[in-house]
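Peer 1: Handing you a structure now.
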Amino acid sequence: MKFCSQCGASVEKKIPPGDLLARYVCTRCQVVHYQNPLVVTGCLPQWQDKVLLCKRAIEPRLGYWTLPAGFLENGETIAEGAARETREEALAEVEILELFSVINVPHIRQVHMFYLARLDRPEFGPSHESLEVGLYGEQEIPWDEIAFPTVYRTLKAYFEDRRAGRYRLHVMDIPRPPPRPAQD
Ligand SMILES: [Zn+2]
C-alpha cells in the first residue's frame with residue numbers, strides 16, 4: 001500500500017499507539033489501514049456416491065480441478081457464499097449441509113472453509129470460471145491435478161470419513177512451503 005484510500009495522501013508503516021504490529025498509517029488523516037486474512041468459502045457437492053468438481057478456466061491454477069469456492073463477499077454468510085460460488089462456477093444449485101473443513105493458510109493470509117452439500121438435481125455445466133464440471137467417484141478423481149492443497153485435503157478427509165461411516169469437522173493448517181533452493 002502506498003496511498004491512503006480515505007484521502008489520497010501517502011502512508012507510512014508504523015506501530016500505532018496501543019498496537020503491537022506495524023500498520024499502514026496515513027501521514028495526513030492518520031487513518032490506520034488494517035489488513036486481515038480473507039475467507040474463502042466453498043462446498044463439496046454430493047450426488048449419490050460422487051462429488052462435483054470444476055476444472056478451472058481462470059488463473060491461478062488454470063486447467064486444474066477444484067471444488068466450487070471463492071472469496072466471501074460483504075453482507076453474506078459463509079453458507080450463502082458457498083452456494084453462490086457453486087451457482088457461479090458450476091451452474092448448480094445445492095443444499096448446504098454441515099461445515100466440514102476449516103483450513104488456515106497463514107502464508108497467503110487466507111482461511112478456507114468447506115461445507116458438505118447435496119446437489120438438488122444432477123444439473124450443472126461449464127461457466128466463465130470453469131472449463132468443465134463433472135461428477136467423480138473417489139477412483140475417478142484426478143488426484144494429481146487438484147488445484148489447491150485445501151481442496152486436496154478436504155477431498156481426502158471426506159472419503160476417509162465416508163469409509164468410517166461418520167463425518168466430523170476437520171480443522172487443519174497448511175504449512176508454509178519450504179523455500180526454493182537457490183539457483184546457481
Ligand atoms: Zn488519509
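The chains in the C-alpha cells are called A, B, ... from first to last as shown; in each chain the residues are counted from 1, and the ligands are counted from 1 in the order shown.
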Using only C-alpha atoms and all ligand atoms, what are the residues with an atom within 9 Å of ligand 1, set out as a short mmCIF file (atom, residue, chain, number, x, y, z; two decimals) with N, CA, C and O atoms, in the first residue's frame?

Peer 2:
data_model
loop_
_atom_site.label_atom_id
_atom_site.label_comp_id
_atom_site.auth_asym_id
_atom_site.auth_seq_id
_atom_site.Cartn_x
_atom_site.Cartn_y
_atom_site.Cartn_z
N PHE A 3 -0.75 4.65 -0.84
CA PHE A 3 -1.55 5.84 -0.61
C PHE A 3 -2.80 5.52 0.23
O PHE A 3 -3.35 4.43 0.15
N CYS A 4 -3.25 6.50 0.95
CA CYS A 4 -4.43 6.37 1.80
C CYS A 4 -5.69 6.30 0.94
O CYS A 4 -5.90 7.17 0.08
N SER A 5 -6.54 5.29 1.16
CA SER A 5 -7.77 5.18 0.38
C SER A 5 -8.83 6.17 0.86
O SER A 5 -9.86 6.35 0.21
N GLN A 6 -8.61 6.82 2.00
CA GLN A 6 -9.56 7.82 2.51
C GLN A 6 -9.28 9.20 1.91
O GLN A 6 -10.21 9.91 1.55
N CYS A 7 -7.98 9.59 1.85
CA CYS A 7 -7.69 10.97 1.46
C CYS A 7 -6.63 11.09 0.37
O CYS A 7 -6.39 12.18 -0.14
N GLY A 8 -5.98 9.99 -0.01
CA GLY A 8 -5.03 10.03 -1.12
C GLY A 8 -3.62 10.42 -0.73
O GLY A 8 -2.71 10.40 -1.57
N ALA A 9 -3.38 10.78 0.52
CA ALA A 9 -2.01 11.11 0.96
C ALA A 9 -1.19 9.83 1.08
O ALA A 9 -1.72 8.72 1.03
N SER A 10 0.12 9.98 1.22
CA SER A 10 0.96 8.78 1.33
C SER A 10 0.81 8.16 2.73
O SER A 10 0.44 8.83 3.68
N VAL A 11 1.09 6.87 2.80
CA VAL A 11 1.01 6.16 4.08
C VAL A 11 2.41 5.79 4.52
O VAL A 11 3.34 5.71 3.71
N VAL A 25 -0.31 3.62 8.10
CA VAL A 25 -0.99 4.75 8.74
C VAL A 25 -0.85 5.95 7.82
O VAL A 25 0.25 6.25 7.33
N CYS A 26 -1.96 6.66 7.58
CA CYS A 26 -1.94 7.83 6.71
C CYS A 26 -1.16 8.96 7.36
O CYS A 26 -1.33 9.25 8.54
N THR A 27 -0.29 9.60 6.55
CA THR A 27 0.51 10.70 7.08
C THR A 27 -0.31 11.99 7.22
O THR A 27 0.11 12.91 7.89
N ARG A 28 -1.48 12.04 6.59
CA ARG A 28 -2.29 13.26 6.69
C ARG A 28 -3.47 13.06 7.64
O ARG A 28 -3.58 13.72 8.66
N CYS A 29 -4.38 12.08 7.30
CA CYS A 29 -5.60 11.96 8.11
C CYS A 29 -5.43 10.96 9.26
O CYS A 29 -6.35 10.80 10.07
N GLN A 30 -4.28 10.30 9.32
CA GLN A 30 -3.93 9.41 10.45
C GLN A 30 -4.76 8.13 10.51
O GLN A 30 -4.69 7.40 11.49
N VAL A 31 -5.58 7.87 9.46
CA VAL A 31 -6.35 6.62 9.46
C VAL A 31 -5.38 5.43 9.45
O VAL A 31 -4.36 5.46 8.76
N VAL A 32 -5.72 4.40 10.24
CA VAL A 32 -4.92 3.17 10.28
C VAL A 32 -5.58 2.17 9.32
O VAL A 32 -6.76 1.86 9.45
#

Peer 1: Would you pick out the contacts of Gln139 of chain A at 12 Å or less, using only C-alpha atoms, so that residues sharing its chain but fewer than 4 positions from it are not included, and give the list as a short mmCIF file (atom, residue, chain, number, x, y, z; two decimals) with C-alpha atoms, in the first residue's frame?

Peer 2:
data_model
loop_
_atom_site.label_atom_id
_atom_site.label_comp_id
_atom_site.auth_asym_id
_atom_site.auth_seq_id
_atom_site.Cartn_x
_atom_site.Cartn_y
_atom_site.Cartn_z
CA ASP A 49 -21.64 -41.64 -4.43
CA LYS A 50 -19.95 -38.91 -6.47
CA VAL A 51 -18.70 -35.39 -5.86
CA LEU A 135 -19.31 -35.81 -11.03
CA TRP A 143 -5.77 -36.54 -7.66
CA LEU A 155 -11.47 -34.36 -0.51
CA LYS A 156 -9.13 -36.83 1.24
CA PHE A 159 -13.52 -40.08 1.58
#

Peer 1: Extract, using only C-alpha atoms, all DNA, RNA and protein residues at most 12 Å from Pro106 of chain A, discarding same-chain residues fewer than 5 positions from it, and format them as a PyMOL selection string.

Peer 2: chain A and resi 36-39+111-112+172-177

Peer 1: Store the residues of this selection in a file with all heavy atoms, as a compact mmCIF listing (two decimals), in the first residue's frame.

Peer 2:
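Saved the output as again-v7.txt:
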# COMPACT_ATOMS: atom_id res chain seq x y z
N ASN A 36 -6.21 -7.79 7.11
CA ASN A 36 -6.52 -9.03 7.81
C ASN A 36 -6.78 -10.14 6.80
O ASN A 36 -7.06 -9.86 5.63
CB ASN A 36 -7.74 -8.82 8.71
CG ASN A 36 -7.48 -7.77 9.76
OD1 ASN A 36 -7.86 -6.61 9.60
ND2 ASN A 36 -6.79 -8.14 10.81
N PRO A 37 -6.71 -11.40 7.24
CA PRO A 37 -6.88 -12.51 6.30
C PRO A 37 -8.26 -12.52 5.64
O PRO A 37 -9.24 -12.04 6.20
CB PRO A 37 -6.70 -13.75 7.19
CG PRO A 37 -5.85 -13.28 8.31
CD PRO A 37 -6.30 -11.87 8.57
N LEU A 38 -8.31 -13.08 4.44
CA LEU A 38 -9.56 -13.22 3.70
C LEU A 38 -10.12 -14.63 3.91
O LEU A 38 -9.37 -15.60 4.11
CB LEU A 38 -9.31 -13.00 2.21
CG LEU A 38 -8.90 -11.58 1.83
CD1 LEU A 38 -8.51 -11.52 0.36
CD2 LEU A 38 -10.02 -10.59 2.12
N VAL A 39 -11.45 -14.71 3.85
CA VAL A 39 -12.14 -16.01 3.96
C VAL A 39 -12.50 -16.51 2.57
O VAL A 39 -13.09 -15.77 1.78
CB VAL A 39 -13.41 -15.88 4.82
CG1 VAL A 39 -14.24 -17.16 4.76
CG2 VAL A 39 -13.06 -15.52 6.26
N VAL A 111 -8.20 -18.04 5.12
CA VAL A 111 -8.82 -19.16 5.82
C VAL A 111 -9.84 -19.75 4.86
O VAL A 111 -10.69 -19.02 4.34
CB VAL A 111 -9.52 -18.72 7.12
CG1 VAL A 111 -10.18 -19.92 7.80
CG2 VAL A 111 -8.52 -18.04 8.06
N HIS A 112 -9.73 -21.05 4.59
CA HIS A 112 -10.65 -21.71 3.66
C HIS A 112 -11.65 -22.55 4.45
O HIS A 112 -11.25 -23.25 5.38
CB HIS A 112 -9.88 -22.63 2.71
CG HIS A 112 -9.00 -21.89 1.75
ND1 HIS A 112 -8.62 -22.41 0.53
CD2 HIS A 112 -8.43 -20.65 1.82
CE1 HIS A 112 -7.85 -21.53 -0.10
NE2 HIS A 112 -7.70 -20.46 0.66
N MET A 172 -7.66 -27.73 10.09
CA MET A 172 -6.31 -28.08 9.63
C MET A 172 -5.51 -26.81 9.33
O MET A 172 -6.08 -25.73 9.16
CB MET A 172 -6.39 -28.93 8.35
CG MET A 172 -7.18 -30.22 8.52
SD MET A 172 -7.19 -31.23 7.01
CE MET A 172 -8.72 -30.70 6.24
N ASP A 173 -4.20 -26.98 9.26
CA ASP A 173 -3.30 -25.89 8.87
C ASP A 173 -2.50 -26.34 7.65
O ASP A 173 -2.01 -27.47 7.63
CB ASP A 173 -2.29 -25.56 9.98
CG ASP A 173 -2.97 -25.16 11.28
OD1 ASP A 173 -4.09 -24.61 11.22
OD2 ASP A 173 -2.37 -25.40 12.34
N ILE A 174 -2.35 -25.49 6.67
CA ILE A 174 -1.45 -25.76 5.55
C ILE A 174 -0.11 -25.09 5.89
O ILE A 174 -0.06 -23.87 6.05
CB ILE A 174 -1.99 -25.19 4.22
CG1 ILE A 174 -3.35 -25.80 3.89
CG2 ILE A 174 -0.98 -25.43 3.09
CD1 ILE A 174 -3.35 -27.25 3.47
N PRO A 175 0.96 -25.88 6.03
CA PRO A 175 2.24 -25.26 6.38
C PRO A 175 2.82 -24.47 5.21
O PRO A 175 2.53 -24.75 4.05
CB PRO A 175 3.13 -26.46 6.73
CG PRO A 175 2.50 -27.63 6.05
CD PRO A 175 1.04 -27.33 5.88
N ARG A 176 3.62 -23.47 5.57
CA ARG A 176 4.31 -22.68 4.56
C ARG A 176 5.21 -23.59 3.74
O ARG A 176 5.92 -24.42 4.29
CB ARG A 176 5.17 -21.63 5.28
CG ARG A 176 5.96 -20.70 4.40
CD ARG A 176 6.83 -19.81 5.26
NE ARG A 176 6.01 -18.92 6.08
CZ ARG A 176 5.56 -17.74 5.65
NH1 ARG A 176 5.88 -17.31 4.46
NH2 ARG A 176 4.81 -16.99 6.43
N PRO A 177 5.19 -23.48 2.40
CA PRO A 177 6.06 -24.34 1.60
C PRO A 177 7.53 -24.02 1.86
O PRO A 177 7.85 -22.87 2.16
CB PRO A 177 5.67 -24.02 0.15
CG PRO A 177 4.86 -22.79 0.20
CD PRO A 177 4.37 -22.57 1.60

Peer 1: Could you give me, as a PyMOL selection string, the residues within 10 Å of segment 114-126 of chain A, counting only C-alpha atoms and dropping anything in the same chain fewer than 6 positions from it?

Peer 2: chain A and resi 40-48+51-52+54-57+67-69+78-79+82-83+86-103+132-135+150-151+154+158+167+169-170

Peer 1: What gap, in Å, lies between atom CA of Ile141 of chain A and atom CA of Leu53 of chain A?

Peer 2: 8.5 Å

Peer 1: Please report the interatomic distance between atom CA of Thr66 of chain A and atom CA of Ile146 of chain A in Å with one decimal.

Peer 2: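 Calculated distance between atom CA of Thr66 of chain A and atom CA of Ile146 of chain A is 6.0 Å.
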
Peer 1: DSSP says strand (DSSP E) for which residues of chain A? Put them as an MDAnalysis selection string?

Peer 2: chainID A and resid 11:14 23:26 32:33 38:47 50:56 65:66 69:71 94:105 110:119 130:136 170:173

Peer 1: Write down as a ChimeraX atom specification the residues belonging to segment 3-155 of chain A that are assigned helix (DSSP H, G or I) by DSSP computed on the backbone.

Peer 2: /A:78-90,106-108,138-140,143-145,149-155

Peer 1: Write the residues of the preceding selection, restricted to N, CA, C and O atoms, as an mmCIF file, in the first residue's frame.

Peer 2:
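selection.cif written:
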data_model
loop_
_atom_site.group_PDB
_atom_site.id
_atom_site.type_symbol
_atom_site.label_atom_id
_atom_site.label_comp_id
_atom_site.auth_asym_id
_atom_site.auth_seq_id
_atom_site.Cartn_x
_atom_site.Cartn_y
_atom_site.Cartn_z
ATOM 1 N N ILE A 78 -21.118 -17.452 5.313
ATOM 2 C CA ILE A 78 -20.242 -18.382 4.593
ATOM 3 C C ILE A 78 -21.049 -19.447 3.858
ATOM 4 O O ILE A 78 -20.655 -19.903 2.794
ATOM 5 N N ALA A 79 -22.209 -19.828 4.400
ATOM 6 C CA ALA A 79 -23.051 -20.810 3.706
ATOM 7 C C ALA A 79 -23.642 -20.190 2.426
ATOM 8 O O ALA A 79 -23.668 -20.836 1.370
ATOM 9 N N GLU A 80 -24.094 -18.956 2.516
ATOM 10 C CA GLU A 80 -24.615 -18.280 1.318
ATOM 11 C C GLU A 80 -23.517 -18.132 0.273
ATOM 12 O O GLU A 80 -23.747 -18.309 -0.925
ATOM 13 N N GLY A 81 -22.305 -17.795 0.717
ATOM 14 C CA GLY A 81 -21.192 -17.655 -0.213
ATOM 15 C C GLY A 81 -20.858 -18.959 -0.906
ATOM 16 O O GLY A 81 -20.567 -18.984 -2.111
ATOM 17 N N ALA A 82 -20.906 -20.052 -0.160
ATOM 18 C CA ALA A 82 -20.602 -21.365 -0.753
ATOM 19 C C ALA A 82 -21.632 -21.724 -1.823
ATOM 20 O O ALA A 82 -21.279 -22.220 -2.906
ATOM 21 N N ALA A 83 -22.900 -21.455 -1.544
ATOM 22 C CA ALA A 83 -23.953 -21.746 -2.528
ATOM 23 C C ALA A 83 -23.813 -20.834 -3.744
ATOM 24 O O ALA A 83 -23.989 -21.265 -4.892
ATOM 25 N N ARG A 84 -23.469 -19.571 -3.515
ATOM 26 C CA ARG A 84 -23.300 -18.623 -4.632
ATOM 27 C C ARG A 84 -22.147 -19.043 -5.525
ATOM 28 O O ARG A 84 -22.244 -19.036 -6.764
ATOM 29 N N GLU A 85 -21.025 -19.416 -4.916
ATOM 30 C CA GLU A 85 -19.879 -19.836 -5.726
ATOM 31 C C GLU A 85 -20.215 -21.066 -6.565
ATOM 32 O O GLU A 85 -19.764 -21.199 -7.703
ATOM 33 N N THR A 86 -21.005 -21.976 -6.002
ATOM 34 C CA THR A 86 -21.394 -23.185 -6.741
ATOM 35 C C THR A 86 -22.281 -22.827 -7.930
ATOM 36 O O THR A 86 -22.154 -23.373 -9.026
ATOM 37 N N ARG A 87 -23.177 -21.850 -7.705
ATOM 38 C CA ARG A 87 -24.036 -21.375 -8.794
ATOM 39 C C ARG A 87 -23.182 -20.721 -9.891
ATOM 40 O O ARG A 87 -23.359 -20.980 -11.077
ATOM 41 N N GLU A 88 -22.205 -19.892 -9.492
ATOM 42 C CA GLU A 88 -21.391 -19.158 -10.464
ATOM 43 C C GLU A 88 -20.441 -20.079 -11.235
ATOM 44 O O GLU A 88 -20.266 -19.941 -12.444
ATOM 45 N N GLU A 89 -19.792 -21.006 -10.520
ATOM 46 C CA GLU A 89 -18.722 -21.797 -11.141
ATOM 47 C C GLU A 89 -19.236 -23.056 -11.822
ATOM 48 O O GLU A 89 -18.623 -23.541 -12.772
ATOM 49 N N ALA A 90 -20.335 -23.613 -11.299
ATOM 50 C CA ALA A 90 -20.795 -24.913 -11.802
ATOM 51 C C ALA A 90 -22.230 -24.872 -12.318
ATOM 52 O O ALA A 90 -22.746 -25.903 -12.765
ATOM 53 N N PRO A 106 -1.901 -19.502 6.547
ATOM 54 C CA PRO A 106 -1.410 -18.208 7.022
ATOM 55 C C PRO A 106 -0.428 -17.526 6.079
ATOM 56 O O PRO A 106 -0.402 -16.295 6.018
ATOM 57 N N HIS A 107 0.370 -18.291 5.328
ATOM 58 C CA HIS A 107 1.375 -17.644 4.488
ATOM 59 C C HIS A 107 0.767 -16.926 3.295
ATOM 60 O O HIS A 107 1.428 -16.089 2.683
ATOM 61 N N ILE A 108 -0.484 -17.237 2.924
ATOM 62 C CA ILE A 108 -1.163 -16.429 1.902
ATOM 63 C C ILE A 108 -2.323 -15.631 2.505
ATOM 64 O O ILE A 108 -3.166 -15.104 1.783
ATOM 65 N N GLU A 138 -14.458 -41.626 -6.072
ATOM 66 C CA GLU A 138 -13.125 -41.494 -5.476
ATOM 67 C C GLU A 138 -12.022 -41.954 -6.433
ATOM 68 O O GLU A 138 -10.965 -41.317 -6.524
ATOM 69 N N GLN A 139 -12.262 -43.059 -7.144
ATOM 70 C CA GLN A 139 -11.222 -43.601 -8.028
ATOM 71 C C GLN A 139 -11.054 -42.780 -9.313
ATOM 72 O O GLN A 139 -10.053 -42.919 -10.006
ATOM 73 N N GLU A 140 -12.050 -41.980 -9.627
ATOM 74 C CA GLU A 140 -12.005 -41.218 -10.894
ATOM 75 C C GLU A 140 -11.440 -39.813 -10.719
ATOM 76 O O GLU A 140 -11.188 -39.115 -11.704
ATOM 77 N N TRP A 143 -6.426 -36.953 -8.909
ATOM 78 C CA TRP A 143 -5.765 -36.545 -7.657
ATOM 79 C C TRP A 143 -4.472 -35.770 -7.906
ATOM 80 O O TRP A 143 -4.063 -34.964 -7.077
ATOM 81 N N ASP A 144 -3.813 -36.024 -9.040
ATOM 82 C CA ASP A 144 -2.558 -35.316 -9.328
ATOM 83 C C ASP A 144 -2.795 -33.941 -9.950
ATOM 84 O O ASP A 144 -1.849 -33.215 -10.220
ATOM 85 N N GLU A 145 -4.054 -33.628 -10.210
ATOM 86 C CA GLU A 145 -4.357 -32.361 -10.873
ATOM 87 C C GLU A 145 -5.341 -31.527 -10.070
ATOM 88 O O GLU A 145 -6.184 -30.815 -10.624
ATOM 89 N N PRO A 149 -4.048 -27.115 -2.221
ATOM 90 C CA PRO A 149 -3.891 -28.070 -1.115
ATOM 91 C C PRO A 149 -5.127 -28.153 -0.219
ATOM 92 O O PRO A 149 -5.427 -29.225 0.303
ATOM 93 N N THR A 150 -5.850 -27.053 -0.035
ATOM 94 C CA THR A 150 -7.022 -27.104 0.846
ATOM 95 C C THR A 150 -8.128 -27.982 0.231
ATOM 96 O O THR A 150 -8.853 -28.659 0.950
ATOM 97 N N VAL A 151 -8.240 -27.967 -1.097
ATOM 98 C CA VAL A 151 -9.234 -28.802 -1.775
ATOM 99 C C VAL A 151 -8.810 -30.271 -1.685
ATOM 100 O O VAL A 151 -9.621 -31.155 -1.394
ATOM 101 N N TYR A 152 -7.518 -30.536 -1.889
ATOM 102 C CA TYR A 152 -6.998 -31.902 -1.796
ATOM 103 C C TYR A 152 -7.255 -32.469 -0.401
ATOM 104 O O TYR A 152 -7.774 -33.575 -0.247
ATOM 105 N N ARG A 153 -6.906 -31.679 0.627
ATOM 106 C CA ARG A 153 -7.068 -32.172 2.000
ATOM 107 C C ARG A 153 -8.540 -32.396 2.341
ATOM 108 O O ARG A 153 -8.901 -33.346 3.034
ATOM 109 N N THR A 154 -9.405 -31.512 1.844
ATOM 110 C CA THR A 154 -10.843 -31.655 2.108
ATOM 111 C C THR A 154 -11.392 -32.913 1.444
ATOM 112 O O THR A 154 -12.142 -33.679 2.058
ATOM 113 N N LEU A 155 -11.000 -33.161 0.197
ATOM 114 C CA LEU A 155 -11.474 -34.359 -0.506
ATOM 115 C C LEU A 155 -10.969 -35.632 0.177
ATOM 116 O O LEU A 155 -11.722 -36.598 0.350
#

Peer 1: What does the structure give for the distance between atom CA of Arg180 of chain A and atom CA of Ile58 of chain A, in Å to one decimal?

Peer 2: 25.4 Å
